[in-house]
Protein chains: 4
Amino acid sequence: MAPTRIKEPVITLSAGPVAAFPRVLRAMARPVHYDFDDYFQQLYEEVARKAAKALRAPQPALILHCEPAPGIEAAAASLIGPEDVVLNLASGVYGKGFGYWSQRYNKELVEIEVPYNESIDPQQVAAAFRKRGDIKIVSLVHHDTPSGTINPAREIGKIVRDHDALLLVDAVSSFGGMDIHPEDCFADIFITGPGKCLGGAPGLTVMAVSDRAWKHMAANPKAPRASVLSLLDWKDAWSKDKPFPFTPSVAEVNGLDAAFEQYLDEGPEKVWQRHALTAKACRAGIQAMGLALWAKTEAIASPTTTAVRVPEGMSDADIIAAARAEFGVVLSSGRNETKGKLIRIGHMGPVAEPIYAVVAVTALGGALRRLGRKVDVGRGVEAAMAVIDAGRA
Amino acid sequence: MAPTRIKEPVITLSAGPVAAFPRVLRAMARPVHYDFDDYFQQLYEEVARKAAKALRAPQPALILHCEPAPGIEAAAASLIGPEDVVLNLASGVYGKGFGYWSQRYNKELVEIEVPYNESIDPQQVAAAFRKRGDIKIVSLVHHDTPSGTINPAREIGKIVRDHDALLLVDAVSSFGGMDIHPEDCFADIFITGPGKCLGGAPGLTVMAVSDRAWKHMAANPKAPRASVLSLLDWKDAWSKDKPFPFTPSVAEVNGLDAAFEQYLDEGPEKVWQRHALTAKACRAGIQAMGLALWAKTEAIASPTTTAVRVPEGMSDADIIAAARAEFGVVLSSGRNETKGKLIRIGHMGPVAEPIYAVVAVTALGGALRRLGRKVDVGRGVEAAMAVIDAGRA
Amino acid sequence: MAPTRIKEPVITLSAGPVAAFPRVLRAMARPVHYDFDDYFQQLYEEVARKAAKALRAPQPALILHCEPAPGIEAAAASLIGPEDVVLNLASGVYGKGFGYWSQRYNKELVEIEVPYNESIDPQQVAAAFRKRGDIKIVSLVHHDTPSGTINPAREIGKIVRDHDALLLVDAVSSFGGMDIHPEDCFADIFITGPGKCLGGAPGLTVMAVSDRAWKHMAANPKAPRASVLSLLDWKDAWSKDKPFPFTPSVAEVNGLDAAFEQYLDEGPEKVWQRHALTAKACRAGIQAMGLALWAKTEAIASPTTTAVRVPEGMSDADIIAAARAEFGVVLSSGRNETKGKLIRIGHMGPVAEPIYAVVAVTALGGALRRLGRKVDVGRGVEAAMAVIDAGRA
Amino acid sequence: MAPTRIKEPVITLSAGPVAAFPRVLRAMARPVHYDFDDYFQQLYEEVARKAAKALRAPQPALILHCEPAPGIEAAAASLIGPEDVVLNLASGVYGKGFGYWSQRYNKELVEIEVPYNESIDPQQVAAAFRKRGDIKIVSLVHHDTPSGTINPAREIGKIVRDHDALLLVDAVSSFGGMDIHPEDCFADIFITGPGKCLGGAPGLTVMAVSDRAWKHMAANPKAPRASVLSLLDWKDAWSKDKPFPFTPSVAEVNGLDAAFEQYLDEGPEKVWQRHALTAKACRAGIQAMGLALWAKTEAIASPTTTAVRVPEGMSDADIIAAARAEFGVVLSSGRNETKGKLIRIGHMGPVAEPIYAVVAVTALGGALRRLGRKVDVGRGVEAAMAVIDAGRA
């Protein structure tokens, strides 16, 4: 006998993977074509070009056929050579994590770490360069998802470029949900993926890589080749006239095509606006219920994820389970150091719509109440609605 | 203006990625659920168990979230330690290729190589063990796709097990299309994927790993961790109670679920039978047109891919292009050493149906004729039909 | 240039067609098979049997290949002969409408009409039979969707059967969302469709027809044949051994298959429970905001649709437009006589989940406020949540 | 236990419903939107305009929400009034059938009937008008599918228009597969549907209706209203500002959108060309195997369906069953008067590709041989290939 099936969620407000757009899901059901056939080769080039258009990047995007965590590992392996001093900027779990990858390859790791509810101060970066003129590579997580906080990528990027170092930016869960692009922030490797703000499925990494970064990788004697960790293997694979080093994930590429079409058709500014309004409404509702945001200041709270401090004496797992059981609404916990300390509400892709701020406030508030805490959900909803109403005016 | 779209293929008879079953494509359009939600965790465990059922393996299967080429790289990286002597069996491009990966990690590589239209003789393996008692790991490609030839995995596996070495078997393009399973051939790591005989999309690797192999990996001081190359990271990820090291490719897992359901619902024996009959009919048709099979003997020709020698003085690319232009039929070329020497016709997944042998014979024969060669296609079709008719009797 | 695309709705809470289950949508993408092929013939019979199982009816269901409005027209045309006195029970727009169809075919129409926010009193039916012993057919709309009210079908049905008359029941928007089945209410023709509580697409009619009704139709000299209005043409079409009078809507049948599977897999009692709880929460929220239900008493308010009286001095169209613009939420207006007087919120199929009661309250309350009316939405949400919380306990 | 599932067909070459384009199937899986929401209203108008573009008609097309058989019944009911003399042109089962519908409504039926393997001679039509100056309506089936024969619609249409009569043309299985449009052939009601040459699903009727026909219907005192048989009810429903008389089949409309996009994107001329070439190759192959076409002359054989005479002493059902069992290929039988006399091979939608002519020849030839008849299939395939090769040159 089949095991009792857990009931499918009603509404997913996770921090990713997020609910995908119906259009993307349908695209993933397109026929699987042979990767060496001209039809797919042409499609692949078109997708790489659409990605570049969305990224506002000059060259067709680099697509890696794994989700962004291994994609970032591959970027580290490819870019960082045995002579490189790396400055790692850690304002959260993902930022900290990059340092561990870096240390496998770098000559030396320099790190700036701030509490995981704060963001990196560009002046710290400038100071680091003053102290260490030999910093060659700087790594930054734009939106450290496990904290729901945003770093000032543009300001940091300017400093890095002024010092002629290379900048790697993880914008996996911010690109597509706010105004951030590789050239704006002087990124040499800018990394994102379809499974967050673009409302696609996880399974690919999309990168914009500068000529400077390609040159550095080409000169890196340890840069992997014939490997899933190699960026260089895939450098020219976007071209319909070039072979693939291994089989691309055909269905994911079809889905990516639709994710970028959705984004470009809707209009990036409109997409960012609905992410921002949803998050703002959510924050207002959360705070009106007497709960605290995780982010030290609202200014650094992400427009794509709202992290809420777990109330004293309560368990994140219990809260998430109660929201799921009572309303069928899926929320996310923290990760590693932030695990147990916060609950995350995703505003990405198709649920980056203000009505879902009301859903989030209700589900979180209702769950807390179910667990015995006094919460004025009505007040939370009213606060969220006031933001929405002002935003629509 | 949009570029002129290349016409979509009519029928894909490639050596993979192959046309996927409609049922798999629809499954890839299922909602993307949050990987940490119980619903997906339960589904993932079910898929791992379905995979094990199909593999006739005792433990839930290991799923890696990349296609089999990097999956095999990961297996090499994880299994082969700095103290290991590896015997690599190379009867084709993929077999040869594994040796290069092995050499990154092994103490010493011993290799048996045969011409790429032949198969490995188990006696050679026995002899190698006699010469080198210290061989710890043996690697074998069961179906070397770029050659369309099958190696005697069971016989070789028996010898390896008798010498207490570990066996890695690449059955990517044979499993699901013929009677081959990890325990039959004493494989310690048995590797396949959804994008070939199962008629799924490429993008995942499915493995059966023995306890002996897990123990060896655990003892390997260089086995990657926190890496896309790590098998150990994913060892327990099948369990609904265990976290994922990084985000699994949710849509691909949904597709894999359907691919295994299709296989198990249809009945493995029936699936193998239609692969075998299609390939046999195709070989008969090819030979009746005066063309030569690439495989030295028909006994080692794969039931999932038919490799045909490119006639003297002709170009594989021209032939493939002519079949595509004249009939909309997609065929595959060789790879590396076999490139230019053969044309491959895939009989995998939904096109492993005898009528497609007729399509293949017509498309290949017609293409050759288009290019000026005299070919009796009618005779080829008649020969294929005779096989089909006998097979249906 | 393409016209500016209207933004796709975010959440549809209409009174039907309603949002379809993803599983149904995927089923509609199954390959289109030839209707005369055994594969489809078998599938069709299976679907007719699944429908019967869901309807708790003894015979495979009758499927008509048009949506229920023409389906009901066909039932009237087929059942009602020139010698038949028909008692039509009108508690709403759809009930009233059936009388017009009846009059095309009947000898005489007798009608009981009540205000469109009330329901039929079974005693009135009993009285009608006392006055007119020659009533042969009684027609009843179980849930008159444009009013959101439920009639006491079982009690009425008992009376009709006791008088040996035939009963036609329109349960289009109630079946699948509450406990109502043909045999429970003594229906001779019981009509429903996939596009309401089952969460399917509109485009088919599903009927349970009693032997008594078939006999009456067979004896009706004016019953249409070779016509879209004929039920008799399709009487045996469910059987895999019988031909179809015209081409069935293959894709709709595929979708219907999935809609019934969804319903049976989830469990009818569970499905009704989530419809009931959602509606109850919605009604509580609506009333807590100071708005009035359309139904005269809550006891007759449908568990599948909540009709809300349009506040004095306001326009239904403005309210619907405001909910759509502010939140992307789709609501329904009334129809004909109820148009302008009420707003309808559907609780059918996938949105018959309590969290959508909160969405509805927010969207309706927010829309009213946007139009200048004072509404305490927070109070409404709290009231809805209290019901949900009690229902989950 | 589930009954043993009949194996799904491998390739469907039926005379309709035909295999649908993947793009259409995916479109049918689009979300079901509320028909009164602006989004769907706009889409509906766009689809009606796309249909008009494909039909080369001046007004948005009329869409009826049932498949073409009832659609044609509705056209007859709406157009033909009690004062109308109708000339029915019958060269096959469908043409003959229209006469029966006509007789329900007309004053008098005049009929020209020719053997069902011939086509109507325009001179007969001219003669009929000379004899009966009071003919008001002429009905013609352009492609009488059960015969696979084409009538000279343009020539006949010219004569009808010259006599100021109204012309109804059933082009259900020819439009989209050859060069035929309402204005070319002076049709006042031109009827087609998505489930044939357009490669869509069955379930809708698409019509182009002239102003003259609308005027005639408006003046017809018996034209149905508030009925599935009414064309007038739907006259303005295409407009995004007008309501629907009953719920449209939302998913079918989504599919129709994709079917017309596919047709217009590919280019009508190219679409007709592949239908014509496939049919021509098929006819050549059939005849080379010593079989006889049903059509009296090849000039009237349809480019969308090839009807083959059943060889003396054989059974159509046996042949169809053998092609299905041996190759998984689905063929069609005749209908009514042509049943038992011919086998039909469809060349419509995605299988209107020359390689499927080879499949058809193989499947039919192989089936005959299986049943004991001597057939030179190789010769048939060679003949088909010669046509394809010439057509591609």
# chains A, B, ... in the order shown; residues from 1 in each chain; ligands from 1

$ closest_atom_pairs --of "chain B" --to "chain C" --cutoff "8 Å" --atoms "only C-alpha atoms" --output "JSON lines"
{"residue": "B:Pro22", "atom": "CA", "partner": "C:Arg30", "partner_atom": "CA", "distance": 7.0}
{"residue": "B:Arg23", "atom": "CA", "partner": "C:Arg30", "partner_atom": "CA", "distance": 7.5}
{"residue": "B:Arg26", "atom": "CA", "partner": "C:Arg26", "partner_atom": "CA", "distance": 5.9}
{"residue": "B:Ala27", "atom": "CA", "partner": "C:Arg26", "partner_atom": "CA", "distance": 7.9}
{"residue": "B:Ala29", "atom": "CA", "partner": "C:Arg26", "partner_atom": "CA", "distance": 7.3}
{"residue": "B:Arg30", "atom": "CA", "partner": "C:Pro22", "partner_atom": "CA", "distance": 7.0}
{"residue": "B:Pro31", "atom": "CA", "partner": "C:Pro22", "partner_atom": "CA", "distance": 7.3}

$ write_last_selection --atoms "all heavy atoms" --output "short mmCIF file (atom, residue, chain, number, x, y, z; two decimals), in the first residue's frame"
data_model
loop_
_atom_site.label_atom_id
_atom_site.label_comp_id
_atom_site.auth_asym_id
_atom_site.auth_seq_id
_atom_site.Cartn_x
_atom_site.Cartn_y
_atom_site.Cartn_z
N PRO B 22 5.85 11.70 -23.14
CA PRO B 22 4.92 12.79 -22.78
C PRO B 22 4.63 12.82 -21.27
O PRO B 22 4.53 13.88 -20.68
CB PRO B 22 3.65 12.44 -23.58
CG PRO B 22 4.15 11.68 -24.77
CD PRO B 22 5.35 10.92 -24.29
N ARG B 23 4.52 11.66 -20.69
CA ARG B 23 4.25 11.57 -19.25
C ARG B 23 5.36 12.21 -18.41
O ARG B 23 5.10 12.83 -17.39
CB ARG B 23 4.13 10.08 -18.93
CG ARG B 23 3.93 9.71 -17.50
CD ARG B 23 3.86 8.20 -17.42
NE ARG B 23 3.45 7.75 -16.12
CZ ARG B 23 3.12 6.50 -15.84
NH1 ARG B 23 3.13 5.59 -16.79
NH2 ARG B 23 2.76 6.14 -14.63
N ARG B 26 5.11 16.04 -18.87
CA ARG B 26 4.04 16.62 -18.04
C ARG B 26 4.45 16.67 -16.57
O ARG B 26 4.14 17.62 -15.85
CB ARG B 26 2.75 15.81 -18.19
CG ARG B 26 2.11 15.98 -19.56
CD ARG B 26 0.67 15.51 -19.59
NE ARG B 26 0.50 14.19 -19.06
CZ ARG B 26 0.66 13.05 -19.73
NH1 ARG B 26 1.00 13.07 -21.02
NH2 ARG B 26 0.48 11.89 -19.16
N ALA B 27 5.18 15.64 -16.13
CA ALA B 27 5.62 15.63 -14.73
C ALA B 27 6.58 16.78 -14.46
O ALA B 27 6.60 17.34 -13.36
CB ALA B 27 6.28 14.29 -14.39
N ALA B 29 6.29 19.59 -15.47
CA ALA B 29 5.46 20.79 -15.32
C ALA B 29 4.68 20.79 -14.00
O ALA B 29 3.86 21.67 -13.77
CB ALA B 29 4.52 20.91 -16.51
N ARG B 30 4.94 19.81 -13.14
CA ARG B 30 4.31 19.84 -11.82
C ARG B 30 4.77 21.10 -11.07
O ARG B 30 5.86 21.60 -11.32
CB ARG B 30 4.73 18.61 -11.00
CG ARG B 30 4.16 17.31 -11.49
CD ARG B 30 4.59 16.19 -10.51
NE ARG B 30 4.45 14.86 -11.09
CZ ARG B 30 5.06 13.77 -10.64
NH1 ARG B 30 5.86 13.85 -9.57
NH2 ARG B 30 4.87 12.61 -11.21
N PRO B 31 3.97 21.56 -10.11
CA PRO B 31 4.42 22.72 -9.33
C PRO B 31 5.79 22.46 -8.71
O PRO B 31 6.11 21.33 -8.34
CB PRO B 31 3.36 22.83 -8.23
CG PRO B 31 2.13 22.19 -8.80
CD PRO B 31 2.63 21.09 -9.70
#

$ residues_around --residues "Gly177 (chain C)" --least-positions-apart "2" --cutoff "6 Å" --atoms "only C-alpha atoms" --output "MDAnalysis selection string"
chainID C and resid 174:175 197 272 275

$ select_by_dssp --residues "region 53-199 of chain A" --states "strand (DSSP E)" --output "number ranges by chain"
A: 62-64, 85-90, 108-113, 135-141, 143-144, 149-150, 166-170, 189-192

$ atom_distance --atom1 "CA of Met217 (chain A)" --atom2 "CA of Gln103 (chain A)"
16.6 Å

$ atom_distance --atom1 "CA of Val86 (chain D)" --atom2 "CA of Asn117 (chain D)"
23.2 Å

$ residues_around --residues "region 284-298 of chain C" --least-positions-apart "6" --cutoff "6 Å" --atoms "only C-alpha atoms" --output "list in words"
Asn117, Glu118, Ala307, Val308, Arg309, Val375, Asp376, Gly380, Val381, Ala383 and Ala384 of chain C

$ write_last_selection --atoms "C-alpha atoms" --output "short mmCIF file (atom, residue, chain, number, x, y, z; two decimals), in the first residue's frame"
data_model
loop_
_atom_site.label_atom_id
_atom_site.label_comp_id
_atom_site.auth_asym_id
_atom_site.auth_seq_id
_atom_site.Cartn_x
_atom_site.Cartn_y
_atom_site.Cartn_z
CA ASN C 117 -32.30 35.01 -1.53
CA GLU C 118 -34.52 32.28 -0.17
CA ALA C 307 -22.81 35.98 -2.07
CA VAL C 308 -22.43 39.35 -0.40
CA ARG C 309 -24.96 42.13 -0.70
CA VAL C 375 -14.45 48.78 6.60
CA ASP C 376 -12.58 47.11 9.44
CA GLY C 380 -12.92 40.62 9.25
CA VAL C 381 -9.68 38.69 9.03
CA ALA C 383 -13.28 36.59 12.47
CA ALA C 384 -12.31 34.38 9.54
#

$ residues_around --residues "Val32 (chain C)" --least-positions-apart "4" --cutoff "10 Å" --atoms "only C-alpha atoms" --output "list in words"
Met28, Phe40, Ser249, Val250, Ala251 and Asn254 of chain C; Thr12, Gly16, Pro17, Val18, Ala19, Ala20, Phe21, Pro22, Leu25, Gly195, Gly199, Gly200, Ala201 and Pro202 of chain D

$ residues_around --residues "region 69-72 of chain C" --least-positions-apart "5" --cutoff "12 Å" --atoms "only C-alpha atoms" --output "compact mmCIF listing (two decimals) with C-alpha atoms, in the first residue's frame"
# COMPACT_ATOMS: atom_id res chain seq x y z
CA LEU C 62 -23.24 10.16 -19.12
CA ILE C 63 -20.75 12.67 -20.48
CA LEU C 64 -21.94 15.39 -22.83
CA ALA C 77 -35.09 18.79 -24.76
CA SER C 78 -34.61 15.07 -24.27
CA LEU C 79 -36.66 14.48 -21.18
CA ILE C 80 -39.65 16.78 -21.52
CA TYR C 94 -30.81 29.49 -13.07
CA GLY C 95 -33.95 27.91 -11.65
CA GLY C 97 -34.14 29.97 -16.60
CA PHE C 98 -34.91 26.28 -16.73
CA GLY C 99 -38.58 27.15 -16.98
CA TYR C 100 -37.98 28.91 -20.29
CA TRP C 101 -36.35 25.84 -21.74
CA SER C 102 -39.08 23.64 -20.34
CA SER C 139 -36.85 20.55 -12.00
CA LEU C 140 -34.65 21.90 -9.26
CA VAL C 141 -31.40 23.83 -9.08
CA LEU C 168 -34.05 16.77 -12.69
CA VAL C 169 -31.41 18.30 -10.41
CA ASP C 170 -28.85 20.88 -11.47
CA ALA C 171 -25.96 20.30 -9.06
CA VAL C 172 -23.38 21.87 -11.30
CA SER C 173 -21.82 24.11 -8.67
CA ILE C 189 -31.25 13.34 -14.10
CA PHE C 190 -28.48 14.75 -11.95
CA ILE C 191 -26.27 17.25 -13.69
CA THR C 192 -22.81 18.48 -12.86
CA GLY C 193 -19.60 19.46 -14.57
CA GLY C 195 -15.42 23.37 -13.98
CA PRO C 202 -15.36 23.95 -18.19
CA GLY C 203 -16.37 22.22 -21.41
CA LEU C 204 -18.17 19.02 -20.41
CA THR C 205 -21.38 18.01 -18.66
CA VAL C 206 -21.53 14.96 -16.44
CA MET C 207 -24.87 13.37 -15.70
CA VAL C 228 -26.17 18.01 -29.84
CA LEU C 229 -29.41 18.19 -27.83
CA SER C 230 -29.76 14.43 -27.65
CA LEU C 231 -29.01 12.49 -24.50
CA LEU D 64 -18.70 27.73 -31.05
CA HIS D 65 -18.01 25.68 -27.97
CA CYS D 66 -18.62 22.24 -29.39
CA PRO D 70 -22.77 19.88 -33.67
CA ARG D 225 -31.82 31.68 -29.42
CA ALA D 226 -30.71 30.85 -25.87
CA SER D 227 -29.57 27.55 -27.27
CA VAL D 228 -26.45 25.59 -28.07
CA LEU D 229 -27.84 25.57 -31.62
CA SER D 230 -27.75 29.35 -31.89
CA PHE D 244 -20.61 35.15 -23.36
CA PRO D 245 -24.02 33.50 -23.72
CA PHE D 246 -22.71 30.54 -21.75
CA THR D 247 -19.30 29.59 -20.42
CA PRO D 248 -16.78 29.16 -23.21
CA SER D 249 -14.44 26.18 -23.07

$ residues_around --residues "region 262-269 of chain D" --least-positions-apart "5" --cutoff "12 Å" --atoms "only C-alpha atoms" --output "NGL selection string"
(:B and (2 or 4-8)) or (:D and (20-25 or 27 or 50-56 or 175-181 or 194 or 197-200 or 255-257 or 274-276 or 349-350))

$ closest_residue --among "A:Leu87, A:Gly92, A:Pro58, A:Cys185" --to "Glu111 (chain A)" --atoms "only C-alpha atoms"
A:Leu87

$ select_by_dssp --residues "region 107-291 of chain A" --states "alpha helix (DSSP H)" --output "PyMOL selection string"
chain A and resi 122-131+153-162+211-219+250-266+268-288
